[in-house]
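What's in start16.txt: compact mmCIF, C-alpha atoms
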```txt
# COMPACT_ATOMS: atom_id res chain seq x y z
CA MET A 23 102.48 -8.03 116.07
CA GLU A 24 101.60 -11.49 117.27
CA ALA A 25 104.10 -14.27 118.09
CA LEU A 26 103.63 -17.76 116.66
CA GLY A 27 105.36 -19.45 119.56
CA VAL A 28 106.82 -19.12 123.02
CA HIS A 29 110.24 -20.61 123.69
CA VAL A 30 111.22 -21.10 127.32
CA LEU A 31 114.93 -21.65 128.03
CA VAL A 32 115.59 -23.12 131.46
CA GLU A 33 118.91 -23.12 133.26
CA CYS A 34 118.59 -25.91 135.86
CA ARG A 35 121.37 -25.57 138.44
CA ASN A 36 122.32 -27.44 141.61
CA CYS A 37 120.14 -30.38 140.60
CA ASN A 38 120.32 -33.92 141.96
CA PRO A 39 123.24 -35.43 139.94
CA ALA A 40 121.89 -38.98 140.20
CA LYS A 41 118.62 -37.92 138.62
CA LEU A 42 120.42 -36.00 135.86
CA ASN A 43 122.31 -39.19 135.02
CA ASP A 44 119.26 -41.48 134.99
CA LEU A 45 118.12 -41.84 131.37
CA GLN A 46 114.77 -43.39 132.28
CA PHE A 47 114.03 -40.74 134.91
CA VAL A 48 114.96 -37.88 132.57
CA ARG A 49 112.86 -39.37 129.76
CA GLU A 50 109.84 -39.91 132.03
CA THR A 51 110.22 -36.34 133.29
CA LEU A 52 110.04 -34.79 129.84
CA LEU A 53 107.23 -37.04 128.65
CA ALA A 54 105.21 -36.39 131.83
CA ALA A 55 105.77 -32.63 131.42
CA ALA A 56 104.51 -32.86 127.82
CA GLU A 57 101.50 -34.94 128.85
CA ASP A 58 100.69 -32.56 131.70
CA LEU A 59 100.80 -29.64 129.27
CA GLY A 60 98.38 -31.42 126.94
CA VAL A 61 100.59 -31.34 123.85
CA THR A 62 100.80 -34.12 121.24
CA ILE A 63 104.02 -36.15 121.14
CA LEU A 64 105.24 -37.04 117.62
CA GLY A 65 108.52 -38.74 118.47
CA GLU A 66 111.51 -38.71 120.81
CA LYS A 67 115.17 -39.60 121.08
CA PHE A 68 117.03 -39.99 124.37
CA HIS A 69 120.64 -41.03 124.83
CA HIS A 70 122.91 -41.76 127.80
CA PHE A 71 126.56 -40.79 127.48
CA SER A 72 129.52 -42.64 128.89
CA PRO A 73 130.64 -41.99 131.56
CA GLN A 74 127.69 -39.67 132.33
CA GLY A 75 125.07 -37.29 131.00
CA VAL A 76 121.77 -37.59 129.18
CA THR A 77 120.48 -35.82 126.10
CA GLY A 78 116.92 -35.91 124.86
CA VAL A 79 114.63 -34.27 122.33
CA VAL A 80 110.87 -34.66 122.05
CA ALA A 81 109.12 -33.53 118.87
CA ILE A 82 105.57 -32.37 119.59
CA SER A 83 102.85 -31.09 117.25
CA GLU A 84 103.27 -27.75 118.95
CA SER A 85 107.14 -27.58 118.54
CA HIS A 86 109.58 -29.34 120.92
CA PHE A 87 111.04 -30.14 124.34
CA SER A 88 114.76 -30.78 124.86
CA ILE A 89 117.15 -31.54 127.70
CA HIS A 90 120.92 -31.89 127.98
CA THR A 91 122.36 -32.82 131.37
CA TRP A 92 125.81 -32.52 132.95
CA PRO A 93 125.56 -34.53 136.22
CA GLU A 94 129.16 -33.57 137.07
CA TYR A 95 128.04 -29.94 137.38
CA GLY A 96 124.52 -30.61 138.68
CA TYR A 97 123.34 -28.75 135.58
CA ALA A 98 120.77 -29.27 132.83
CA ALA A 99 119.79 -27.08 129.88
CA VAL A 100 116.08 -27.50 129.19
CA ASP A 101 113.97 -25.98 126.40
CA VAL A 102 110.20 -25.95 126.13
CA PHE A 103 108.96 -24.46 122.86
CA THR A 104 105.21 -24.35 122.17
CA CYS A 105 103.22 -22.61 119.47
CA GLY A 106 99.68 -21.32 119.75
CA THR A 107 98.21 -19.50 122.70
CA SER A 108 96.63 -22.39 124.60
CA PHE A 109 99.79 -23.76 126.21
CA HIS A 110 101.83 -22.56 129.15
CA PRO A 111 105.43 -23.72 128.60
CA ARG A 112 106.56 -22.10 131.85
CA LYS A 113 104.36 -24.61 133.71
CA ALA A 114 106.29 -27.48 132.08
CA ALA A 115 109.57 -25.75 132.96
CA GLU A 116 108.58 -25.54 136.62
CA PHE A 117 107.50 -29.20 136.63
CA ILE A 118 110.89 -30.28 135.23
CA LEU A 119 112.85 -28.09 137.68
CA LYS A 120 110.98 -29.68 140.57
CA ARG A 121 111.61 -33.24 139.31
CA LEU A 122 115.34 -32.55 138.89
CA GLU A 123 115.42 -31.02 142.40
CA ALA A 124 117.02 -27.83 141.07
CA LYS A 125 117.99 -25.52 143.93
CA ASP A 126 118.79 -22.66 141.57
CA SER A 127 117.30 -21.82 138.19
CA GLU A 128 116.76 -19.18 135.55
CA ILE A 129 113.85 -19.14 133.12
CA THR A 130 114.06 -17.02 129.98
CA GLU A 131 110.95 -16.64 127.84
CA ILE A 132 111.45 -15.71 124.20
CA LYS A 133 108.68 -14.99 121.72
CA ARG A 134 109.38 -16.61 118.35
CA GLY A 135 107.92 -15.69 114.95
CA PHE A 136 106.49 -12.22 115.05
CA ILE A 137 103.90 -11.97 112.31
CA PRO A 138 101.59 -9.00 111.54
CA VAL A 139 98.31 -9.40 113.50
CA ALA A 140 96.25 -9.14 110.31
CA ALA A 141 97.97 -12.21 108.93
CA VAL A 142 97.41 -14.29 112.07
CA ARG A 143 93.77 -13.59 112.80
CA MET B 18 132.83 -18.31 134.22
CA GLU B 19 132.79 -20.64 131.27
CA ALA B 20 129.69 -21.68 129.28
CA LEU B 21 129.05 -25.35 128.56
CA GLY B 22 127.14 -24.64 125.36
CA VAL B 23 126.15 -22.10 122.76
CA HIS B 24 122.53 -21.94 121.70
CA VAL B 25 121.74 -20.10 118.48
CA LEU B 26 118.11 -19.10 117.89
CA VAL B 27 117.36 -18.22 114.29
CA GLU B 28 114.34 -16.32 113.05
CA CYS B 29 114.07 -17.21 109.35
CA ARG B 30 111.74 -14.75 107.61
CA ASN B 31 110.57 -14.28 104.03
CA CYS B 32 111.73 -17.77 103.11
CA ASN B 33 110.67 -19.77 100.05
CA PRO B 34 107.29 -21.24 101.19
CA ALA B 35 107.59 -24.30 98.94
CA LYS B 36 110.89 -25.24 100.55
CA LEU B 37 109.46 -24.70 104.06
CA ASN B 38 106.69 -27.15 103.20
CA ASP B 39 108.94 -29.84 101.73
CA LEU B 40 109.63 -32.41 104.46
CA GLN B 41 112.48 -34.07 102.58
CA PHE B 42 114.15 -30.76 101.74
CA VAL B 43 113.87 -29.51 105.33
CA ARG B 44 115.22 -32.80 106.71
CA GLU B 45 118.14 -32.85 104.26
CA THR B 46 118.90 -29.24 105.14
CA LEU B 47 119.22 -29.92 108.87
CA LEU B 48 121.16 -33.14 108.40
CA ALA B 49 123.54 -31.48 105.92
CA ALA B 50 124.05 -28.57 108.34
CA ALA B 51 124.87 -31.05 111.12
CA GLU B 52 127.25 -33.00 108.89
CA ASP B 53 128.94 -29.80 107.70
CA LEU B 54 129.45 -28.76 111.34
CA GLY B 55 131.06 -32.12 112.12
CA VAL B 56 128.70 -33.10 114.94
CA THR B 57 127.50 -36.65 115.64
CA ILE B 58 123.84 -37.40 114.90
CA LEU B 59 122.11 -39.65 117.47
CA GLY B 60 118.57 -39.62 116.14
CA GLU B 61 115.94 -37.49 114.44
CA LYS B 62 112.22 -37.00 114.04
CA PHE B 63 110.60 -35.00 111.24
CA HIS B 64 106.89 -34.56 110.59
CA HIS B 65 104.78 -32.90 107.90
CA PHE B 66 101.54 -31.27 109.01
CA SER B 67 98.31 -31.14 107.10
CA PRO B 68 97.64 -28.85 105.30
CA GLN B 69 101.17 -27.44 105.65
CA GLY B 70 104.26 -27.01 107.81
CA VAL B 71 107.15 -29.18 108.90
CA THR B 72 108.62 -29.81 112.32
CA GLY B 73 111.89 -31.55 113.02
CA VAL B 74 114.33 -32.26 115.82
CA VAL B 75 117.79 -33.81 115.54
CA ALA B 76 119.52 -35.11 118.66
CA ILE B 77 123.29 -34.81 118.37
CA SER B 78 126.06 -35.83 120.79
CA GLU B 79 126.75 -32.13 121.21
CA SER B 80 123.07 -31.12 121.98
CA HIS B 81 120.44 -30.53 119.23
CA PHE B 82 119.12 -28.91 116.06
CA SER B 83 115.41 -28.09 115.60
CA ILE B 84 113.16 -26.49 113.02
CA HIS B 85 109.49 -25.55 112.91
CA THR B 86 108.13 -24.04 109.69
CA TRP B 87 105.06 -21.97 108.82
CA PRO B 88 105.01 -21.86 104.99
CA GLU B 89 101.91 -19.64 105.10
CA TYR B 90 104.02 -16.91 106.70
CA GLY B 91 107.32 -17.74 104.96
CA TYR B 92 108.71 -18.27 108.45
CA ALA B 93 110.79 -20.90 110.26
CA ALA B 94 112.10 -21.02 113.83
CA VAL B 95 115.46 -22.78 113.87
CA ASP B 96 117.67 -23.69 116.85
CA VAL B 97 121.26 -24.88 116.76
CA PHE B 98 122.59 -25.82 120.19
CA THR B 99 126.14 -27.16 120.51
CA CYS B 100 128.31 -27.80 123.54
CA GLY B 101 132.06 -27.63 123.70
CA THR B 102 134.23 -25.00 122.07
CA SER B 103 135.10 -26.73 118.81
CA PHE B 104 131.83 -26.04 116.99
CA HIS B 105 130.47 -22.93 115.33
CA PRO B 106 126.65 -23.12 115.48
CA ARG B 107 126.33 -19.77 113.72
CA LYS B 108 127.87 -21.37 110.64
CA ALA B 109 125.06 -23.99 110.60
CA ALA B 110 122.49 -21.21 111.09
CA GLU B 111 123.81 -19.36 108.04
CA PHE B 112 123.80 -22.54 105.97
CA ILE B 113 120.15 -23.20 106.86
CA LEU B 114 119.10 -19.58 106.16
CA LYS B 115 120.68 -19.81 102.70
CA ARG B 116 118.98 -23.13 101.90
CA LEU B 117 115.56 -21.76 102.95
CA GLU B 118 116.20 -18.63 100.84
CA ALA B 119 115.47 -16.37 103.81
CA LYS B 120 115.43 -12.73 102.75
CA ASP B 121 115.29 -11.50 106.33
CA SER B 122 116.66 -13.08 109.49
CA GLU B 123 117.71 -12.57 113.07
CA ILE B 124 120.30 -14.68 114.89
CA THR B 125 120.44 -14.63 118.68
CA GLU B 126 123.34 -16.36 120.41
CA ILE B 127 122.80 -17.44 124.00
CA LYS B 128 125.45 -18.99 126.23
CA ARG B 129 124.05 -21.90 128.24
CA GLY B 130 125.39 -23.43 131.46
CA PHE B 131 127.72 -21.01 133.13
CA ILE B 132 130.01 -23.03 135.37
CA PRO B 133 132.99 -21.74 137.41
CA VAL B 134 136.17 -21.97 135.28
CA ALA B 135 137.94 -24.05 137.94
CA ALA B 136 135.29 -26.74 137.59
CA VAL B 137 135.49 -26.86 133.79
CA ARG B 138 139.26 -27.01 133.28
```

Conversion result in structure tokens:
Amino acid sequence: MEALGVHVLVECRNCNPAKLNDLQFVRETLLAAAEDLGVTILGEKFHHFSPQGVTGVVAISESHFSIHTWPEYGYAAVDVFTCGTSFHPRKAAEFILKRLEAKDSEITEIKRGFIPVAAVR
Amino acid sequence: MEALGVHVLVECRNCNPAKLNDLQFVRETLLAAAEDLGVTILGEKFHHFSPQGVTGVVAISESHFSIHTWPEYGYAAVDVFTCGTSFHPRKAAEFILKRLEAKDSEITEIKRGFIPVAAVR
């Protein structure tokens, strides 16, 4: 069995609240992570909530990136989902954690789309 | 401990390949699922690949929906992530599975953002 994609779920805790609430900073962080990973960006949508919090999704040829922040809790939920075997989504996760100054984190890696090997190769 | 959000990961297998490859159908499916759930759509990006496959992300006030399809394998990876306690992302997952005519599926529910109860209430 071969997986079509790798989905990395990142719990970003004890982050810098000001950075979590900065739309432009959050957007630049995700786009820089995507660029660093070498994926192709198809489109994006970022939004700042009142009074606080940012949400963002980035569609990439190889699946997607997403972020939802709660500055009041110093927390962000980040997803990095890539398909194919040439990308390392965990690298993007670590880049984002560093930018958000997360002092505590949890990375869960989930294989998506198990297909018989004969059908993939 | 209280979770800020519920993230539902859906493995959609043995789907109707023609529907998985139909950009408009896939887009309408996700938007209808979001509308049915009562969430607020902020923006969306859908893309059809050559020769086949569709990818889509929908940013909602309550987090996001995403889909990535592989018609050649009858497979789609779907995510429904909602925050707050008034939504039932599993309901949206079941709606999408039915629309894609999935004959086999797996739904994984993951709680995101565990915060001390005192801080949430």

Quiz item: Hey, what's within 12 Å of region 33-35 of chain A if we count only C-alpha atoms and toss same-chain stuff fewer than 2 positions away? As a PyMOL selection string, please?
Solution: (chain A and resi 30-31+37-39+42+89-102+115-131) or (chain B and resi 20-22+127-132)

Quiz item: From the set B:Leu59, B:Val23, B:Leu47, B:Met18, which residue has the shortest atom-to-atom contact distance to chain A, counting only C-alpha atoms?
Solution: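 Answer, going by the shortest atom-to-atom distance: B:Leu59.
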
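Among the candidates B:Val27, B:Asp53, B:Thr72, B:Gly60, the residue lying nearest to Thr104 (chain A) is B:Thr72 (atoms considered: all atoms listed in the file).
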
Self-check item: Protein, DNA and RNA residues within 8 Å of (104.4, -23.2, 124.6), only C-alpha atoms, as an MDAnalysis selection string
Solution: chainID A and resid 27:30 84:85 102:112

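Note that CA of Thr62 (chain A) and CA of Gln41 (chain B) are 22.0 Å apart.
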
Self-check item: Between CA of Val75 (chain B) and CA of Ala51 (chain B), distance in Å (one decimal)
Solution: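 Rounded to one decimal, the two atoms are 8.8 Å apart.
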
Quiz item: Which of these, B:Ala49, B:Ala35, B:Val43, B:Val56, has the shortest distance to Gln69 (chain B) once you count only C-alpha atoms?
Solution: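 For Gln69 (chain B), the nearest of the candidates is B:Ala35.
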